[in-house]
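Input: a single structure, listed below in structure tokens.
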Amino acid sequence: MIVFKKVNKVIKKKFHIIANLSFEVKKGETLVLLGKSGCGKTTTLRMINRLIHPTSGNIYINGKDINELDPIILRRNIGYAIQNVGLFNHMTVFENIAIVPKLLKWEKKRIEKRVEELLELLEFQKPMEMKKRYPRQLSGGQKQRVGVARALAADPPIILMDEPFGALDPITREQVQNEFIELESDIQKTVVFVTHDIFEAVKMGDRIALIDKGEIVQIASPSELIEHPKNDFVDQFLGQHRFQLILMTKSIRRMVKEEKEEKVSLIDSLSVRSSLFDALDLFKKTKKEKIAVFDKKRFVGYIYKVQIQDMINAIIK
């Protein structure tokens with residue numbers, strides 16, 4: 001889907017922001033670019049939609065060199081969500097989300113349908129009322145959701161996300177992350193996601209590219225990165241929270257004991273996409289012996305405290 005081949009970005013003739021970068025983002029996957037501030041991850045992201053031009057090397061999307069594509073057309077086919085959202089304060093929520101579809105000359109009814117569809121997908125309460133509001137009338141979490149909706153508005157195959165949830169408080173941040181994970185499982189976009197937070201990277205990514213000084217140090221699945229760090233730099237970057245990170249890489253999906261559908265509350269429940277860490281945290285909070293698991297809003301079955309205990313015991317042996 002997206003291929004980097006020996007890409008370099010040099011400033012002042014000597015300093016490499018990006019050094020000989022080669023990697024591929026597969027169709028439908030979320031690749032997280034992870035690293036410290038100034039490592040080159042945002043520069044890498046912005047080269048995909050040609051906001052920054054490489055000094056040398058090539059970037060391909062679906063086999064086509066992006067330097068041969070019209071940058072305006074390229075950008076209109078790539079969603080872009082950033083930390084500070086960038087909503088236009090003089091425009092309503094509807095108008096902000098509809099910007100790219102209007103530029104693409106969609107029919108009015110199609111735009112209206114798409115905006116309403118996205119507001120429902122992102123679980124806004126009273127979407128018909130929400131679309132009439134202005135950014136100043138929204139909370140931080142709501143603004144971020146609108147930013148994501150705008151990135152998805154024209155149904156682009158690729159979404160670029162530059163620390164999109166970084167400005168949110170921890171509770172709202174986790175909620176919006178979970179909503180996006182659920183949404184992404186439906187829309188199946190190719191996502192490149194930038195963060196400096198190892199916990200966010202493990203939660204959001206199918207694979208993680210850890211970058212240092214403009215070079216990829218290791219690119220791997222979250223579990224491989226955590227359990228098999230390539231060198232001392234990776235090991236140090238992971239820090240002292242290795243056990244928590246391991247729990248975050250373990251899905252509860254296969255542990256769920258499916259049962260006949262019944263009326264079960266969504267309150268204090270888990271998703272089939274939840275991690276072992278999510279389950280442990282909720283069991284500790286609720287003191288329950290079993291917790292309901294849902295796929296979207298469809299009841300799937302239960303996961304039991306004893307299963308979690310057995311799984312953790314197997315990990316620490």
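Within each chain, counting starts at residue 1; across the structure tokens, chains are named A, B, ... in the order shown, with ligands numbered 1 upward in that order.
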Can you pull out the residues contacting Met248 in chain A? Cut-off 12 Å, using only C-alpha atoms, and skip same-chain residues under 3 positions away; I want them as an MDAnalysis selection string.
chainID A and resid 198:205 222:223 226:227 241:245 251:252 273:281 312
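With only C-alpha atoms taken into account, the protein and nucleic acid residues at most 10 Å from Leu121 in chain A (excluding it and anything under 6 positions from it in its own chain) are Val115, Ala149, Glu179, Phe180, Glu182, Leu183, Asp186 and Ile187 of chain A.
Counting only C-alpha atoms and comparing A:Arg110, A:Arg298, A:Lys105, A:Lys36, the residue that lies closest to Asp197 in chain A is A:Lys36.
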Which one is closest to Asp295 in chain A: A:Val256, A:Val148, A:Val194, A:Ile208? Count only C-alpha atoms.
A:Val256
Shell of 12 Å around Ser22 in chain A, only C-alpha atoms, local chain residues under 5 positions omitted, as a PyMOL selection string
chain A and resi 2-8+44+56-60+209+211+214-219
Quick one: write out the picked residues with all heavy atoms as a compact mmCIF listing (two decimals), in the first residue's frame?
```txt
# COMPACT_ATOMS: atom_id res chain seq x y z
N ILE A 2 1.68 1.44 1.07
CA ILE A 2 2.63 2.57 1.15
C ILE A 2 4.03 1.99 1.29
O ILE A 2 4.28 1.17 2.17
CB ILE A 2 2.34 3.47 2.36
CG1 ILE A 2 0.89 3.97 2.33
CG2 ILE A 2 3.31 4.66 2.39
CD1 ILE A 2 0.47 4.70 3.60
N VAL A 3 4.93 2.40 0.42
CA VAL A 3 6.30 1.87 0.44
C VAL A 3 7.30 3.02 0.45
O VAL A 3 7.23 3.93 -0.39
CB VAL A 3 6.56 0.96 -0.78
CG1 VAL A 3 8.01 0.48 -0.79
CG2 VAL A 3 5.61 -0.23 -0.77
N PHE A 4 8.21 2.99 1.41
CA PHE A 4 9.35 3.91 1.45
C PHE A 4 10.58 3.15 0.95
O PHE A 4 10.84 2.03 1.42
CB PHE A 4 9.63 4.36 2.89
CG PHE A 4 8.80 5.54 3.35
CD1 PHE A 4 7.41 5.46 3.38
CD2 PHE A 4 9.40 6.72 3.77
CE1 PHE A 4 6.65 6.53 3.83
CE2 PHE A 4 8.66 7.79 4.22
CZ PHE A 4 7.28 7.70 4.24
N LYS A 5 11.33 3.74 0.02
CA LYS A 5 12.56 3.13 -0.48
C LYS A 5 13.73 4.10 -0.37
O LYS A 5 13.78 5.11 -1.08
CB LYS A 5 12.38 2.69 -1.94
CG LYS A 5 11.52 1.45 -2.11
CD LYS A 5 11.59 0.91 -3.54
CE LYS A 5 10.79 -0.38 -3.68
NZ LYS A 5 10.87 -0.93 -5.06
N LYS A 6 14.60 3.82 0.59
CA LYS A 6 15.83 4.59 0.79
C LYS A 6 15.57 6.10 0.82
O LYS A 6 16.20 6.89 0.12
CB LYS A 6 16.85 4.24 -0.31
CG LYS A 6 17.28 2.78 -0.30
CD LYS A 6 18.30 2.48 -1.37
CE LYS A 6 18.73 1.02 -1.31
NZ LYS A 6 19.73 0.68 -2.37
N VAL A 7 14.62 6.47 1.69
CA VAL A 7 14.22 7.88 1.78
C VAL A 7 15.11 8.62 2.77
O VAL A 7 15.36 8.16 3.90
CB VAL A 7 12.74 7.98 2.21
CG1 VAL A 7 12.35 9.44 2.47
CG2 VAL A 7 11.84 7.37 1.14
N ASN A 8 15.58 9.80 2.34
CA ASN A 8 16.41 10.67 3.17
C ASN A 8 15.82 12.07 3.20
O ASN A 8 15.25 12.54 2.21
CB ASN A 8 17.84 10.76 2.63
CG ASN A 8 18.59 9.46 2.76
OD1 ASN A 8 19.21 9.16 3.77
ND2 ASN A 8 18.53 8.64 1.71
N THR A 44 8.46 11.89 8.77
CA THR A 44 8.14 10.71 7.97
C THR A 44 6.67 10.71 7.57
O THR A 44 6.33 10.48 6.40
CB THR A 44 8.47 9.42 8.76
OG1 THR A 44 9.87 9.43 9.10
CG2 THR A 44 8.17 8.18 7.94
N SER A 56 16.04 12.68 -0.99
CA SER A 56 16.28 11.60 -1.95
C SER A 56 15.45 10.39 -1.57
O SER A 56 14.89 10.32 -0.47
CB SER A 56 17.77 11.22 -1.99
OG SER A 56 18.19 10.74 -0.72
N GLY A 57 15.38 9.44 -2.47
CA GLY A 57 14.58 8.25 -2.24
C GLY A 57 13.18 8.39 -2.82
O GLY A 57 12.83 9.42 -3.38
N ASN A 58 12.39 7.34 -2.69
CA ASN A 58 11.06 7.30 -3.30
C ASN A 58 10.02 6.80 -2.32
O ASN A 58 10.29 5.94 -1.49
CB ASN A 58 11.06 6.41 -4.54
CG ASN A 58 12.05 6.86 -5.60
OD1 ASN A 58 13.20 6.44 -5.61
ND2 ASN A 58 11.60 7.75 -6.47
N ILE A 59 8.80 7.34 -2.47
CA ILE A 59 7.65 6.89 -1.69
C ILE A 59 6.56 6.51 -2.68
O ILE A 59 6.24 7.28 -3.60
CB ILE A 59 7.14 7.99 -0.74
CG1 ILE A 59 8.27 8.42 0.23
CG2 ILE A 59 5.93 7.49 0.06
CD1 ILE A 59 7.93 9.66 1.03
N TYR A 60 6.01 5.31 -2.50
CA TYR A 60 4.99 4.81 -3.43
C TYR A 60 3.69 4.54 -2.68
O TYR A 60 3.69 4.07 -1.53
CB TYR A 60 5.46 3.50 -4.08
CG TYR A 60 6.75 3.62 -4.86
CD1 TYR A 60 7.99 3.42 -4.24
CD2 TYR A 60 6.73 3.94 -6.22
CE1 TYR A 60 9.17 3.53 -4.96
CE2 TYR A 60 7.90 4.04 -6.95
CZ TYR A 60 9.12 3.85 -6.31
OH TYR A 60 10.29 3.96 -7.03
N ALA A 209 6.93 0.80 14.40
CA ALA A 209 8.27 1.13 13.90
C ALA A 209 8.91 2.09 14.90
O ALA A 209 8.49 3.24 15.01
CB ALA A 209 8.19 1.76 12.52
N ILE A 211 11.66 4.53 15.97
CA ILE A 211 12.59 5.37 15.23
C ILE A 211 13.52 6.11 16.19
O ILE A 211 13.09 6.60 17.24
CB ILE A 211 11.83 6.39 14.35
CG1 ILE A 211 10.95 5.66 13.34
CG2 ILE A 211 12.78 7.33 13.63
CD1 ILE A 211 10.05 6.57 12.52
N GLY A 214 16.18 9.44 13.05
CA GLY A 214 15.80 9.31 11.64
C GLY A 214 15.92 7.92 11.06
O GLY A 214 15.70 7.73 9.86
N GLU A 215 16.25 6.93 11.88
CA GLU A 215 16.38 5.55 11.39
C GLU A 215 15.44 4.62 12.14
O GLU A 215 15.18 4.82 13.34
CB GLU A 215 17.83 5.06 11.56
CG GLU A 215 18.85 5.87 10.78
CD GLU A 215 20.26 5.32 10.95
OE1 GLU A 215 20.40 4.19 11.47
OE2 GLU A 215 21.21 6.01 10.58
N ILE A 216 14.93 3.61 11.45
CA ILE A 216 14.11 2.61 12.12
C ILE A 216 15.04 1.63 12.84
O ILE A 216 15.87 0.97 12.23
CB ILE A 216 13.22 1.85 11.11
CG1 ILE A 216 12.13 2.79 10.58
CG2 ILE A 216 12.57 0.64 11.79
CD1 ILE A 216 11.19 2.14 9.58
N VAL A 217 14.87 1.57 14.16
CA VAL A 217 15.68 0.67 14.97
C VAL A 217 15.09 -0.74 14.96
O VAL A 217 15.79 -1.73 14.86
CB VAL A 217 15.79 1.19 16.42
CG1 VAL A 217 16.68 0.27 17.25
CG2 VAL A 217 16.33 2.62 16.44
N GLN A 218 13.76 -0.81 15.05
CA GLN A 218 13.07 -2.10 14.99
C GLN A 218 11.64 -1.87 14.53
O GLN A 218 10.98 -0.92 14.94
CB GLN A 218 13.06 -2.80 16.37
CG GLN A 218 12.46 -4.20 16.33
CD GLN A 218 12.64 -4.96 17.65
OE1 GLN A 218 13.27 -4.45 18.58
NE2 GLN A 218 12.09 -6.15 17.73
N ILE A 219 11.18 -2.74 13.65
CA ILE A 219 9.78 -2.71 13.21
C ILE A 219 9.22 -4.10 13.44
O ILE A 219 9.77 -5.10 12.95
CB ILE A 219 9.66 -2.24 11.75
CG1 ILE A 219 8.20 -2.11 11.34
CG2 ILE A 219 10.42 -3.14 10.79
CD1 ILE A 219 7.98 -1.36 10.03
```
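With CA of Ile72 in chain A on one side and CA of Ile111 in chain A on the other, the separation reads 20.0 Å.
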